[in-house]
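J.: Dropping in work-v7.cif, with mmCIF, C-alpha atoms and all ligand atoms.
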```cif
data_coords
loop_
_atom_site.label_atom_id
_atom_site.label_comp_id
_atom_site.auth_asym_id
_atom_site.auth_seq_id
_atom_site.Cartn_x
_atom_site.Cartn_y
_atom_site.Cartn_z
CA MET J 1 0.46 20.03 -8.96
CA GLU J 2 -2.36 17.60 -8.52
CA ILE J 3 -2.29 15.91 -5.15
CA ILE J 4 -4.47 12.94 -4.33
CA HIS J 5 -5.20 12.19 -0.73
CA ALA J 6 -7.21 9.34 0.70
CA TYR J 7 -9.33 9.65 3.80
CA LYS J 8 -10.57 6.69 5.72
CA PHE J 9 -13.50 6.96 8.10
CA ARG J 10 -15.22 4.33 10.20
CA LEU J 11 -18.83 3.65 9.29
CA TYR J 12 -21.48 2.51 11.73
CA PRO J 13 -24.25 0.96 9.64
CA ASP J 14 -27.23 -0.43 11.53
CA PHE J 15 -28.23 -4.05 11.03
CA ARG J 16 -30.28 -3.42 7.92
CA ARG J 17 -27.61 -1.31 6.26
CA GLN J 18 -25.00 -3.92 7.15
CA LYS J 19 -27.04 -6.52 5.29
CA GLU J 20 -27.27 -4.22 2.28
CA ILE J 21 -23.55 -3.50 2.21
CA ASP J 22 -22.75 -7.18 2.68
CA GLU J 23 -25.03 -8.06 -0.20
CA SER J 24 -23.38 -5.49 -2.47
CA ILE J 25 -19.93 -6.81 -1.63
CA PHE J 26 -21.15 -10.37 -2.15
CA LEU J 27 -22.60 -9.51 -5.57
CA ALA J 28 -19.48 -7.58 -6.57
CA HIS J 29 -17.32 -10.52 -5.62
CA GLN J 30 -19.51 -12.93 -7.59
CA LEU J 31 -19.57 -10.65 -10.58
CA TYR J 32 -15.79 -10.43 -10.49
CA ASN J 33 -15.43 -14.21 -10.44
CA LYS J 34 -17.95 -14.67 -13.24
CA LEU J 35 -16.13 -12.16 -15.41
CA LEU J 36 -12.84 -13.87 -14.69
CA GLU J 37 -14.34 -17.22 -15.68
CA LYS J 38 -15.51 -15.79 -18.99
CA THR J 39 -12.14 -14.24 -19.80
CA ILE J 40 -10.38 -17.53 -19.05
CA GLN J 41 -12.84 -19.51 -21.20
CA SER J 42 -12.63 -17.15 -24.14
CA ARG J 43 -8.95 -16.26 -23.67
CA LYS J 44 -9.88 -12.70 -24.51
CA VAL J 45 -9.23 -9.71 -22.30
CA SER J 46 -9.91 -6.16 -23.26
CA GLN J 47 -12.14 -3.41 -22.03
CA ARG J 48 -14.53 -4.14 -24.86
CA THR J 49 -14.78 -7.89 -24.28
CA ILE J 50 -15.16 -7.48 -20.53
CA ASN J 51 -17.97 -4.98 -21.11
CA GLN J 52 -19.61 -7.52 -23.37
CA TYR J 53 -19.31 -10.28 -20.72
CA MET J 54 -20.72 -7.88 -18.17
CA ASN J 55 -23.82 -7.38 -20.33
CA GLU J 56 -24.24 -11.11 -20.79
CA ILE J 57 -24.07 -11.71 -17.05
CA LEU J 58 -26.55 -8.90 -16.35
CA LYS J 59 -28.96 -10.40 -18.86
CA GLU J 60 -28.77 -13.80 -17.23
CA ASP J 61 -29.13 -12.57 -13.68
CA LYS J 62 -30.92 -9.33 -12.86
CA ARG J 63 -29.63 -9.33 -9.27
CA TYR J 64 -26.45 -7.64 -10.45
CA TYR J 65 -28.44 -4.53 -11.27
CA LYS J 66 -28.45 -4.00 -7.51
CA LEU J 67 -24.88 -2.87 -7.99
CA TYR J 68 -24.62 0.75 -8.99
CA ALA J 69 -23.49 1.11 -12.63
CA HIS J 70 -20.22 2.81 -11.71
CA VAL J 71 -19.49 0.15 -9.15
CA ARG J 72 -19.73 -2.39 -11.97
CA VAL J 73 -17.35 -0.32 -14.06
CA GLY J 74 -15.03 -0.33 -11.04
CA ILE J 75 -15.10 -4.13 -11.04
CA ARG J 76 -14.23 -4.17 -14.72
CA ASN J 77 -11.33 -1.79 -14.10
CA ARG J 78 -10.11 -3.90 -11.23
CA MET J 79 -10.03 -6.95 -13.45
CA LEU J 80 -8.27 -5.09 -16.26
CA ARG J 81 -5.68 -3.89 -13.77
CA THR J 82 -5.05 -7.41 -12.48
CA TYR J 83 -4.50 -8.64 -16.02
CA GLN J 84 -2.27 -5.68 -16.88
CA ASN J 85 -0.12 -6.44 -13.83
CA PHE J 86 0.05 -10.06 -14.85
CA PHE J 87 1.13 -9.21 -18.41
CA ARG J 88 3.69 -6.73 -17.13
CA ARG J 89 5.24 -9.31 -14.80
CA CYS J 90 5.35 -11.85 -17.64
CA LYS J 91 7.22 -9.32 -19.74
CA GLU J 92 9.65 -8.62 -16.90
CA GLY J 93 10.23 -12.33 -16.45
CA ALA J 94 9.20 -12.24 -12.80
CA LYS J 95 9.01 -15.52 -10.94
CA LYS J 96 5.63 -14.76 -9.45
CA LYS J 97 3.46 -13.72 -12.34
CA GLY J 98 0.25 -13.53 -10.41
CA PHE J 99 -2.35 -14.74 -12.87
CA PRO J 100 -5.71 -13.29 -11.82
CA LYS J 101 -7.29 -15.50 -9.19
CA PHE J 102 -10.83 -16.30 -8.30
CA LYS J 103 -11.51 -14.38 -5.15
CA SER J 104 -13.00 -15.90 -2.05
CA MET J 105 -15.21 -13.72 0.11
CA ASP J 106 -12.26 -13.34 2.47
CA ARG J 107 -10.37 -11.61 -0.27
CA TYR J 108 -13.01 -9.47 -1.82
CA ARG J 109 -14.31 -7.07 0.70
CA SER J 110 -14.97 -3.73 -0.91
CA ILE J 111 -16.92 -1.89 -3.55
CA THR J 112 -15.81 1.30 -5.21
CA HIS J 113 -17.77 4.18 -6.67
CA ILE J 114 -15.26 5.30 -9.25
CA GLU J 115 -16.78 8.67 -9.90
CA ASN J 116 -18.37 11.34 -7.77
CA ASN J 117 -21.41 11.90 -9.93
CA GLY J 118 -24.06 12.05 -7.25
CA SER J 119 -24.08 8.36 -6.34
CA PHE J 120 -22.86 9.23 -2.86
CA ARG J 121 -23.10 12.25 -0.63
CA ILE J 122 -21.87 13.32 2.78
CA GLU J 123 -24.67 14.80 4.90
CA ALA J 124 -23.23 16.22 8.13
CA ASP J 125 -21.92 13.11 9.92
CA ARG J 126 -23.75 10.67 7.70
CA LEU J 127 -23.11 9.06 4.35
CA ARG J 128 -25.75 8.49 1.71
CA VAL J 129 -24.92 5.94 -0.97
CA SER J 130 -26.90 4.98 -4.02
CA LYS J 131 -28.44 1.47 -3.79
CA ILE J 132 -28.19 1.49 -0.01
CA SER J 133 -31.29 2.74 1.75
CA GLY J 134 -31.18 5.76 4.04
CA THR J 135 -27.93 7.04 5.49
CA ILE J 136 -25.06 5.59 7.50
CA ARG J 137 -23.39 7.22 10.47
CA MET J 138 -19.78 8.09 9.72
CA GLU J 139 -17.03 9.19 12.06
CA MET J 140 -15.29 11.99 10.18
CA HIS J 141 -12.26 12.71 12.28
CA ARG J 142 -10.85 15.18 9.78
CA THR J 143 -12.07 17.42 7.00
CA ILE J 144 -11.66 16.38 3.44
CA GLU J 145 -9.63 18.91 1.50
CA GLY J 146 -10.11 19.23 -2.22
CA LYS J 147 -12.58 17.67 -4.58
CA ILE J 148 -13.84 14.18 -3.73
CA LYS J 149 -13.29 11.76 -6.59
CA THR J 150 -14.06 8.23 -5.44
CA LEU J 151 -15.63 6.32 -2.60
CA THR J 152 -14.75 2.81 -1.50
CA ILE J 153 -16.81 0.99 1.07
CA ALA J 154 -14.71 -1.69 2.70
CA LYS J 155 -15.25 -4.32 5.32
CA GLU J 156 -12.31 -5.15 7.55
CA GLY J 157 -13.02 -7.87 10.03
CA ASN J 158 -16.47 -6.88 11.23
CA GLU J 159 -15.86 -3.17 10.79
CA TYR J 160 -17.02 -1.00 7.95
CA TYR J 161 -15.09 1.90 6.44
CA ALA J 162 -15.59 4.60 3.87
CA ILE J 163 -12.46 5.57 1.98
CA PHE J 164 -12.60 8.75 -0.08
CA THR J 165 -9.99 10.00 -2.47
CA ALA J 166 -9.85 13.72 -3.05
CA VAL J 167 -7.85 15.82 -5.47
CA GLN J 168 -6.28 19.14 -4.68
CA HIS J 169 -4.44 21.51 -6.92
CA LYS J 170 -1.53 23.12 -5.15
CA PRO J 171 1.30 25.24 -6.43
CA ILE J 172 4.67 23.65 -5.70
CA PRO J 173 6.93 25.92 -3.67
CA GLU J 174 10.35 26.69 -5.12
CA ILE J 175 13.05 25.26 -2.90
CA ASN J 176 16.75 26.00 -3.03
CA ASP J 177 18.50 22.68 -2.50
CA THR J 178 20.89 23.78 0.22
CA ASN J 179 20.48 20.95 2.69
CA PRO J 180 20.10 17.56 0.95
CA VAL J 181 20.03 14.38 3.00
CA GLY J 182 20.76 10.72 2.22
CA ILE J 183 18.69 7.99 3.83
CA ASP J 184 19.81 4.41 4.25
CA LEU J 185 17.31 1.69 4.91
CA GLY J 186 19.46 0.26 7.58
CA LEU J 187 20.58 -3.01 8.98
CA ASN J 188 21.13 -1.71 12.50
CA ASN J 189 18.32 0.81 12.28
CA PHE J 190 15.08 1.38 10.47
CA ILE J 191 16.65 4.36 8.73
CA ALA J 192 19.96 6.17 9.07
CA LEU J 193 20.49 9.72 7.81
CA SER J 194 23.68 11.12 6.36
CA ASN J 195 23.81 13.68 9.19
CA SER J 196 24.26 10.74 11.61
CA GLU J 197 20.70 10.77 12.90
CA ILE J 198 19.17 7.33 13.23
CA PHE J 199 15.59 6.20 13.72
CA GLN J 200 14.35 2.89 15.04
CA LYS J 201 10.96 1.46 14.31
CA PRO J 202 9.10 -0.24 17.15
CA LYS J 203 8.65 -3.95 16.53
CA PHE J 204 4.90 -3.93 16.14
CA TYR J 205 4.81 -7.36 14.57
CA LYS J 206 6.98 -8.92 17.25
CA LYS J 207 4.53 -7.74 19.89
CA ALA J 208 1.54 -9.24 18.11
CA GLU J 209 3.35 -12.38 16.95
CA LYS J 210 1.99 -14.67 19.65
CA LYS J 211 -1.59 -13.64 19.10
CA ILE J 212 -1.21 -14.02 15.35
CA ALA J 213 0.32 -17.48 15.71
CA HIS J 214 -2.48 -18.42 18.07
CA TRP J 215 -5.24 -17.44 15.65
CA GLN J 216 -3.43 -19.05 12.73
CA MET J 217 -3.41 -22.29 14.66
CA VAL J 218 -7.08 -21.97 15.55
CA VAL J 219 -7.98 -21.32 11.90
CA ALA J 220 -6.00 -24.38 10.82
CA ARG J 221 -7.68 -26.56 13.42
CA ARG J 222 -11.27 -25.64 12.70
CA ASN J 223 -13.31 -27.27 9.96
CA LYS J 224 -13.24 -25.63 6.58
CA GLY J 225 -16.41 -23.73 5.82
CA SER J 226 -17.53 -23.72 9.45
CA LYS J 227 -18.84 -20.61 11.17
CA ARG J 228 -16.27 -21.03 13.95
CA ARG J 229 -13.41 -21.05 11.45
CA GLN J 230 -14.80 -17.92 9.86
CA LYS J 231 -14.82 -16.28 13.28
CA ALA J 232 -11.23 -17.24 13.95
CA LYS J 233 -10.24 -15.86 10.55
CA MET J 234 -11.90 -12.59 11.52
CA HIS J 235 -9.77 -12.45 14.68
CA LEU J 236 -6.64 -13.20 12.70
CA GLN J 237 -7.43 -10.45 10.24
CA GLU J 238 -8.05 -7.98 13.06
CA GLU J 239 -4.64 -8.75 14.58
CA TRP J 240 -2.93 -8.12 11.26
CA GLN J 241 -4.88 -4.93 10.76
CA SER J 242 -3.86 -3.63 14.13
CA VAL J 243 -0.18 -4.25 13.36
CA THR J 244 -0.57 -2.58 9.97
CA ARG J 245 -2.28 0.43 11.47
CA GLN J 246 0.38 0.99 14.13
CA SER J 247 3.15 0.52 11.63
CA ASN J 248 1.64 2.95 9.14
CA ASP J 249 0.91 5.52 11.85
CA PHE J 250 4.52 5.44 12.88
CA MET J 251 5.76 5.78 9.30
CA HIS J 252 3.36 8.61 8.50
CA LYS J 253 4.62 10.54 11.51
CA LEU J 254 8.27 9.91 10.76
CA SER J 255 7.94 10.84 7.07
CA GLN J 256 6.02 13.96 8.04
CA LYS J 257 8.73 14.94 10.48
CA LEU J 258 11.45 14.51 7.86
CA ALA J 259 9.50 16.29 5.15
CA ASP J 260 8.74 19.25 7.43
CA GLY J 261 12.29 19.38 8.80
CA GLY J 262 15.14 21.47 7.44
CA PHE J 263 16.09 19.10 4.62
CA THR J 264 15.66 20.43 1.10
CA SER J 265 15.93 17.16 -0.84
CA PHE J 266 16.00 13.44 -0.15
CA ALA J 267 18.05 10.60 -1.61
CA VAL J 268 17.20 6.96 -0.97
CA GLU J 269 18.19 3.61 -2.42
CA ALA J 270 16.02 2.26 -5.19
CA LEU J 271 14.58 -0.89 -3.65
CA ARG J 272 14.75 -3.85 -5.92
CA ILE J 273 11.60 -5.78 -6.43
CA GLN J 274 13.74 -8.78 -7.27
CA ASN J 275 15.39 -8.72 -3.89
CA MET J 276 12.10 -8.26 -2.22
CA GLU J 277 10.56 -11.24 -3.95
CA ARG J 278 13.21 -13.69 -2.87
CA ASN J 279 12.40 -15.98 0.01
CA HIS J 280 13.18 -14.09 3.14
CA THR J 281 12.20 -14.69 6.69
CA LEU J 282 8.85 -13.21 7.56
CA ALA J 283 10.54 -10.51 9.63
CA GLN J 284 12.63 -9.51 6.60
CA SER J 285 9.62 -9.44 4.30
CA ILE J 286 7.81 -7.23 6.74
CA GLN J 287 10.80 -4.93 6.95
CA ASN J 288 10.97 -4.71 3.14
CA ALA J 289 7.29 -3.97 2.87
CA SER J 290 7.64 -1.29 5.55
CA TRP J 291 10.45 0.42 3.71
CA GLY J 292 8.52 0.37 0.49
CA ARG J 293 5.59 2.08 2.13
CA PHE J 294 7.76 4.49 4.04
CA ILE J 295 9.50 5.62 0.87
CA GLY J 296 6.10 6.07 -0.76
CA PHE J 297 4.93 8.24 2.15
CA LEU J 298 8.09 10.33 2.20
CA GLU J 299 8.15 10.73 -1.56
CA TYR J 300 4.77 12.38 -1.89
CA LYS J 301 5.20 14.43 1.26
CA ALA J 302 8.52 15.75 -0.02
CA GLN J 303 7.07 16.42 -3.44
CA GLU J 304 4.19 18.43 -2.01
CA ARG J 305 6.72 20.68 -0.34
CA GLY J 306 8.71 21.15 -3.54
CA LYS J 307 11.57 19.00 -2.29
CA THR J 308 13.32 16.70 -4.75
CA PHE J 309 13.20 12.99 -4.09
CA ILE J 310 15.93 10.93 -5.76
CA LYS J 311 16.35 7.18 -5.90
CA VAL J 312 19.92 6.03 -6.47
CA ASN J 313 21.53 2.76 -7.48
CA PRO J 314 21.88 0.71 -4.28
CA ASP J 315 24.97 -1.27 -5.38
CA ASN J 316 27.71 -1.37 -2.77
CA THR J 317 26.36 1.49 -0.70
CA SER J 318 27.20 -0.52 2.43
CA LYS J 319 30.60 -1.72 1.19
CA THR J 320 32.00 1.62 0.05
CA CYS J 321 33.90 3.97 2.33
CA SER J 322 32.10 7.31 2.30
CA ASN J 323 35.38 9.09 2.93
CA CYS J 324 37.88 7.58 0.46
CA GLY J 325 35.76 5.41 -1.83
CA ASN J 326 37.52 2.17 -0.89
CA ILE J 327 35.30 -0.88 -1.42
CA GLN J 328 35.60 -3.70 1.06
CA GLU J 329 33.57 -6.68 2.22
CA MET J 330 31.02 -5.89 4.89
CA PRO J 331 29.56 -9.04 6.45
CA LEU J 332 26.07 -8.55 7.88
CA SER J 333 27.41 -9.10 11.38
CA GLN J 334 29.64 -6.04 11.12
CA ARG J 335 27.82 -3.05 12.51
CA GLN J 336 30.60 -0.56 12.12
CA PHE J 337 32.40 0.48 8.95
CA ASN J 338 36.14 0.44 9.63
CA CYS J 339 37.94 1.50 6.47
CA ASP J 340 41.06 -0.54 5.68
CA ARG J 341 42.53 2.35 3.74
CA CYS J 342 41.73 5.68 5.42
CA ARG J 343 40.84 4.32 8.89
CA LEU J 344 37.39 5.90 8.87
CA GLN J 345 35.18 4.52 11.64
CA LEU J 346 31.44 5.04 11.27
CA ASP J 347 28.15 3.28 11.92
CA ARG J 348 27.62 1.09 8.84
CA ASP J 349 24.18 2.55 8.06
CA THR J 350 25.36 6.13 8.47
CA ASN J 351 28.26 5.39 6.13
CA ALA J 352 25.81 3.95 3.59
CA SER J 353 23.52 6.97 3.86
CA ILE J 354 26.42 9.30 3.08
CA ASN J 355 27.19 7.22 -0.02
CA ILE J 356 23.55 7.51 -1.05
CA LEU J 357 23.67 11.27 -0.62
CA ASN J 358 26.92 11.44 -2.61
CA ARG J 359 25.43 9.48 -5.46
CA ALA J 360 22.44 11.79 -5.62
CA THR J 361 24.53 14.92 -5.59
CA LEU J 362 27.42 13.61 -7.67
CA GLY J 363 28.69 16.23 -10.03
CA GLN J 364 27.09 19.05 -8.12
CA ARG J 365 29.80 19.03 -5.53
CA GLY J 366 32.96 17.15 -4.62
CA SER J 367 32.27 13.57 -3.89
CA HIS J 368 34.26 10.48 -3.16
CA ALA J 369 31.52 8.12 -4.07
CA GLN J 370 32.38 5.51 -6.66
CA GLY J 371 28.90 4.88 -7.93
CA GLU J 372 28.38 6.52 -11.29
CA ASN J 373 24.88 5.33 -11.80
CA ARG J 374 22.75 8.20 -10.86
CA GLN J 375 19.15 7.43 -11.37
CA TYR J 376 16.55 10.11 -11.17
CA LEU J 377 13.17 8.57 -10.91
CA PRO J 378 10.16 10.77 -11.34
CA ALA J 379 9.06 11.65 -7.86
CA GLY J 380 5.46 11.39 -6.89
CA ASN J 381 2.65 9.20 -8.02
CA ALA J 382 -0.51 7.91 -6.52
CA ASN J 383 1.04 4.98 -4.71
CA GLY J 384 1.60 6.81 -1.49
CA LEU J 385 -1.87 7.88 -0.65
CA GLU J 386 -2.03 9.56 2.66
CA GLU J 387 -4.00 7.82 5.36
CA LEU J 388 -4.79 4.95 3.06
CA ARG J 389 -3.91 2.26 5.47
CA THR J 390 -5.35 -0.60 3.53
CA ASP J 391 -5.41 -0.65 -0.20
CA PRO J 392 -9.08 -1.12 -0.97
CA ALA J 393 -8.19 -3.26 -3.95
CA THR J 394 -6.40 -5.76 -1.79
CA ALA J 395 -8.19 -5.24 1.50
CA GLY J 396 -7.93 -8.42 3.49
CA GLU J 397 -5.34 -10.07 1.27
CA ALA J 398 -1.78 -9.89 2.39
CA PRO J 399 -0.91 -7.85 5.42
CA ASN J 400 0.26 -4.42 4.33
CA LEU J 401 2.98 -3.58 6.73
ZN ZN W 501 38.22 5.03 3.56
#
```
Mind turning this structure into structure tokens?
Ligand SMILES: [Zn+2]
T.:
Amino acid sequence: MEIIHAYKFRLYPDFRRQKEIDESIFLAHQLYNKLLEKTIQSRKVSQRTINQYMNEILKEDKRYYKLYAHVRVGIRNRMLRTYQNFFRRCKEGAKKKGFPKFKSMDRYRSITHIENNGSFRIEADRLRVSKISGTIRMEMHRTIEGKIKTLTIAKEGNEYYAIFTAVQHKPIPEINDTNPVGIDLGLNNFIALSNSEIFQKPKFYKKAEKKIAHWQMVVARRNKGSKRRQKAKMHLQEEWQSVTRQSNDFMHKLSQKLADGGFTSFAVEALRIQNMERNHTLAQSIQNASWGRFIGFLEYKAQERGKTFIKVNPDNTSKTCSNCGNIQEMPLSQRQFNCDRCRLQLDRDTNASINILNRATLGQRGSHAQGENRQYLPAGNANGLEELRTDPATAGEAPNL
């Protein structure tokens, strides 16, 4: 199996190197916007047309040659991806279609070397990158395993990072599925397991809420385009990043613990994008985003260990009795499942997690679950990259919690 991991290391460029990186990011961002403008004017989007626009822009303005060729290809790919996502959402009839937007410098803060063809090199604790003079000190807190594929240089607040992706080929161990577990993304708890274990997630956002609100207010008060506003934005971004980092650290550790534990397969609810898009409170949106990431983390960790990861239909998992299959109303305020029919009394999330497990294993053993819609989704993909705490493609956009 091919496993892709991402590794993120802090960079410490000196003043001159900072200027060079900043210039590259600035040029990349401008190039992106110019390409977008051309696609909108011509109403044509394809790899071929974007390549053609790229050549036109390079002819008009030689400064863009300062961007390494593969970085330019990366910009093209990024634009293609944005359009593909837009077309896909149109097809799905999503409310938010997300037409590609012109990016401000706040929202375009990285460049990517899409291929490891000698344009960058790690030299002891320093990084050498084509089109940037000399080398940059890098804090490599862990060793990269496998073959390095890409490098992204990102700016977060005033900090610089190098993000590498590396590919490893690993044989998948054969696992006998003797101890499957169901996981409910709970109401009372962050997650509840079908063996009655529950896990809470610290309220990282709640703790930082005041500071975030403060900096949001400061940003709103300061004049648009002013240096002071820019500074306040930086502070705001740093607060969000710190929340994101803590949250992801916690979820990495928890998913690791579960994946390494005695369970032999995992069943979770398939989260519905539709539900997640609806207007929720901020706290709810954050919770949804957390679950999405957590499931991504657990999925690839389980897969690496040869453990099956199943997503089941989430309908009525909370309303169904895990003992007798009776379906009854469960208002959100009700924290305990008290079955009207068989008198079962169980934590509502634990009850739901048993239903989830039953749905995943339906047919393989006796089950009372009513849900017939078993849905095996292919486990594993690149969306749960380890240690990738900020998606380089959206660095600085929405908080990734
Ligand atoms: Zn019952």
J.: Here is a test: counting all atoms listed in the file, which residue of J:Glu197, J:Asp61, J:Glu239, J:Glu115 is nearest to Ile212 of chain J?
T.: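 Answer, going by the shortest atom-to-atom distance: J:Glu239.
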J.: Counting all atoms listed in the file, which of J:Ile198, J:Ile191, J:Ala94, J:Val181 gets nearest to Ala360 of chain J?
T.: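 Closest candidate: J:Val181.
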J.: Counting only C-alpha atoms, what are the residues of segment 77-187 of chain J within 7 Å of segment 292-311 of chain J, and for each of them which pair of atoms is the nearest and at what distance in Å, to one decimal? Sort the table by chain and rising number, as a Markdown table.
T.:
```
| residue | atom | partner | partner_atom | distance |
| --- | --- | --- | --- | --- |
| J:Ile172 | CA | J:Gly306 | CA | 5.2 |
| J:Pro173 | CA | J:Gly306 | CA | 5.1 |
| J:Glu174 | CA | J:Gly306 | CA | 6.0 |
| J:Ile175 | CA | J:Gly306 | CA | 6.0 |
```
J.: Restrict the calculation to only C-alpha atoms and all ligand atoms, then for each residue of chain J with any atom at most 12 Å from an atom of ligand ZN 501 (chain W) give the closest atom pair and their distance in Å to one decimal, rows by chain and rising residue number, as JSON lines.
T.:
```
{"residue": "J:Lys319", "atom": "CA", "partner": "W:ZN501", "partner_atom": "ZN", "distance": 10.5}
{"residue": "J:Thr320", "atom": "CA", "partner": "W:ZN501", "partner_atom": "ZN", "distance": 7.9}
{"residue": "J:Cys321", "atom": "CA", "partner": "W:ZN501", "partner_atom": "ZN", "distance": 4.6}
{"residue": "J:Ser322", "atom": "CA", "partner": "W:ZN501", "partner_atom": "ZN", "distance": 6.7}
{"residue": "J:Asn323", "atom": "CA", "partner": "W:ZN501", "partner_atom": "ZN", "distance": 5.0}
{"residue": "J:Cys324", "atom": "CA", "partner": "W:ZN501", "partner_atom": "ZN", "distance": 4.0}
{"residue": "J:Gly325", "atom": "CA", "partner": "W:ZN501", "partner_atom": "ZN", "distance": 5.9}
{"residue": "J:Asn326", "atom": "CA", "partner": "W:ZN501", "partner_atom": "ZN", "distance": 5.3}
{"residue": "J:Ile327", "atom": "CA", "partner": "W:ZN501", "partner_atom": "ZN", "distance": 8.3}
{"residue": "J:Gln328", "atom": "CA", "partner": "W:ZN501", "partner_atom": "ZN", "distance": 9.5}
{"residue": "J:Phe337", "atom": "CA", "partner": "W:ZN501", "partner_atom": "ZN", "distance": 9.1}
{"residue": "J:Asn338", "atom": "CA", "partner": "W:ZN501", "partner_atom": "ZN", "distance": 7.9}
{"residue": "J:Cys339", "atom": "CA", "partner": "W:ZN501", "partner_atom": "ZN", "distance": 4.6}
{"residue": "J:Asp340", "atom": "CA", "partner": "W:ZN501", "partner_atom": "ZN", "distance": 6.6}
{"residue": "J:Arg341", "atom": "CA", "partner": "W:ZN501", "partner_atom": "ZN", "distance": 5.1}
{"residue": "J:Cys342", "atom": "CA", "partner": "W:ZN501", "partner_atom": "ZN", "distance": 4.0}
{"residue": "J:Arg343", "atom": "CA", "partner": "W:ZN501", "partner_atom": "ZN", "distance": 6.0}
{"residue": "J:Leu344", "atom": "CA", "partner": "W:ZN501", "partner_atom": "ZN", "distance": 5.4}
{"residue": "J:Gln345", "atom": "CA", "partner": "W:ZN501", "partner_atom": "ZN", "distance": 8.6}
{"residue": "J:Leu346", "atom": "CA", "partner": "W:ZN501", "partner_atom": "ZN", "distance": 10.3}
{"residue": "J:Asn351", "atom": "CA", "partner": "W:ZN501", "partner_atom": "ZN", "distance": 10.3}
{"residue": "J:Asn355", "atom": "CA", "partner": "W:ZN501", "partner_atom": "ZN", "distance": 11.8}
{"residue": "J:His368", "atom": "CA", "partner": "W:ZN501", "partner_atom": "ZN", "distance": 9.5}
{"residue": "J:Ala369", "atom": "CA", "partner": "W:ZN501", "partner_atom": "ZN", "distance": 10.6}
{"residue": "J:Gln370", "atom": "CA", "partner": "W:ZN501", "partner_atom": "ZN", "distance": 11.8}
```
J.: Report, in Å to a single decimal, how far apart atom CA of Glu123 of chain J and atom CA of Gly74 of chain J are.
T.: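 Result for atom CA of Gly74 of chain J versus atom CA of Glu123 of chain J: 24.0 Å, one decimal.
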J.: Export segment 229-271 of chain J, C-alpha atoms, as a PDB file, in the first residue's frame; it's the structure right above.
T.:
```
ATOM      1  CA  ARG J 229      -4.895  46.503  10.543  1.00  0.00           C
ATOM      2  CA  GLN J 230      -2.531  44.080   8.862  1.00  0.00           C
ATOM      3  CA  LYS J 231      -0.802  43.559  12.193  1.00  0.00           C
ATOM      4  CA  ALA J 232      -4.066  42.893  13.979  1.00  0.00           C
ATOM      5  CA  LYS J 233      -5.008  40.391  11.264  1.00  0.00           C
ATOM      6  CA  MET J 234      -1.712  38.632  11.898  1.00  0.00           C
ATOM      7  CA  HIS J 235      -2.578  38.326  15.592  1.00  0.00           C
ATOM      8  CA  LEU J 236      -6.021  37.013  14.766  1.00  0.00           C
ATOM      9  CA  GLN J 237      -4.569  34.424  12.444  1.00  0.00           C
ATOM     10  CA  GLU J 238      -2.075  33.327  15.084  1.00  0.00           C
ATOM     11  CA  GLU J 239      -4.870  32.789  17.609  1.00  0.00           C
ATOM     12  CA  TRP J 240      -6.771  30.616  15.162  1.00  0.00           C
ATOM     13  CA  GLN J 241      -3.651  28.686  14.312  1.00  0.00           C
ATOM     14  CA  SER J 242      -2.956  27.961  17.929  1.00  0.00           C
ATOM     15  CA  VAL J 243      -6.477  26.588  18.426  1.00  0.00           C
ATOM     16  CA  THR J 244      -6.145  24.498  15.275  1.00  0.00           C
ATOM     17  CA  ARG J 245      -2.805  23.111  16.356  1.00  0.00           C
ATOM     18  CA  GLN J 246      -4.020  22.081  19.812  1.00  0.00           C
ATOM     19  CA  SER J 247      -7.153  20.555  18.395  1.00  0.00           C
ATOM     20  CA  ASN J 248      -5.284  18.567  15.763  1.00  0.00           C
ATOM     21  CA  ASP J 249      -2.668  17.408  18.270  1.00  0.00           C
ATOM     22  CA  PHE J 250      -5.401  16.065  20.478  1.00  0.00           C
ATOM     23  CA  MET J 251      -7.135  14.287  17.600  1.00  0.00           C
ATOM     24  CA  HIS J 252      -3.902  12.800  16.277  1.00  0.00           C
ATOM     25  CA  LYS J 253      -3.168  11.338  19.697  1.00  0.00           C
ATOM     26  CA  LEU J 254      -6.671   9.994  20.206  1.00  0.00           C
ATOM     27  CA  SER J 255      -6.847   8.421  16.731  1.00  0.00           C
ATOM     28  CA  GLN J 256      -3.406   6.904  17.252  1.00  0.00           C
ATOM     29  CA  LYS J 257      -4.500   5.433  20.553  1.00  0.00           C
ATOM     30  CA  LEU J 258      -7.602   3.882  19.015  1.00  0.00           C
ATOM     31  CA  ALA J 259      -5.765   2.582  15.963  1.00  0.00           C
ATOM     32  CA  ASP J 260      -3.039   1.000  18.106  1.00  0.00           C
ATOM     33  CA  GLY J 261      -5.522  -0.406  20.622  1.00  0.00           C
ATOM     34  CA  GLY J 262      -7.102  -3.844  20.520  1.00  0.00           C
ATOM     35  CA  PHE J 263      -9.822  -2.991  18.005  1.00  0.00           C
ATOM     36  CA  THR J 264      -9.663  -4.818  14.694  1.00  0.00           C
ATOM     37  CA  SER J 265     -12.075  -2.656  12.675  1.00  0.00           C
ATOM     38  CA  PHE J 266     -13.891   0.653  13.011  1.00  0.00           C
ATOM     39  CA  ALA J 267     -17.403   1.741  12.098  1.00  0.00           C
ATOM     40  CA  VAL J 268     -18.443   5.390  12.066  1.00  0.00           C
ATOM     41  CA  GLU J 269     -21.358   7.409  10.749  1.00  0.00           C
ATOM     42  CA  ALA J 270     -20.988   8.851   7.290  1.00  0.00           C
ATOM     43  CA  LEU J 271     -21.067  12.593   7.947  1.00  0.00           C
TER      44      LEU J 271
END
```
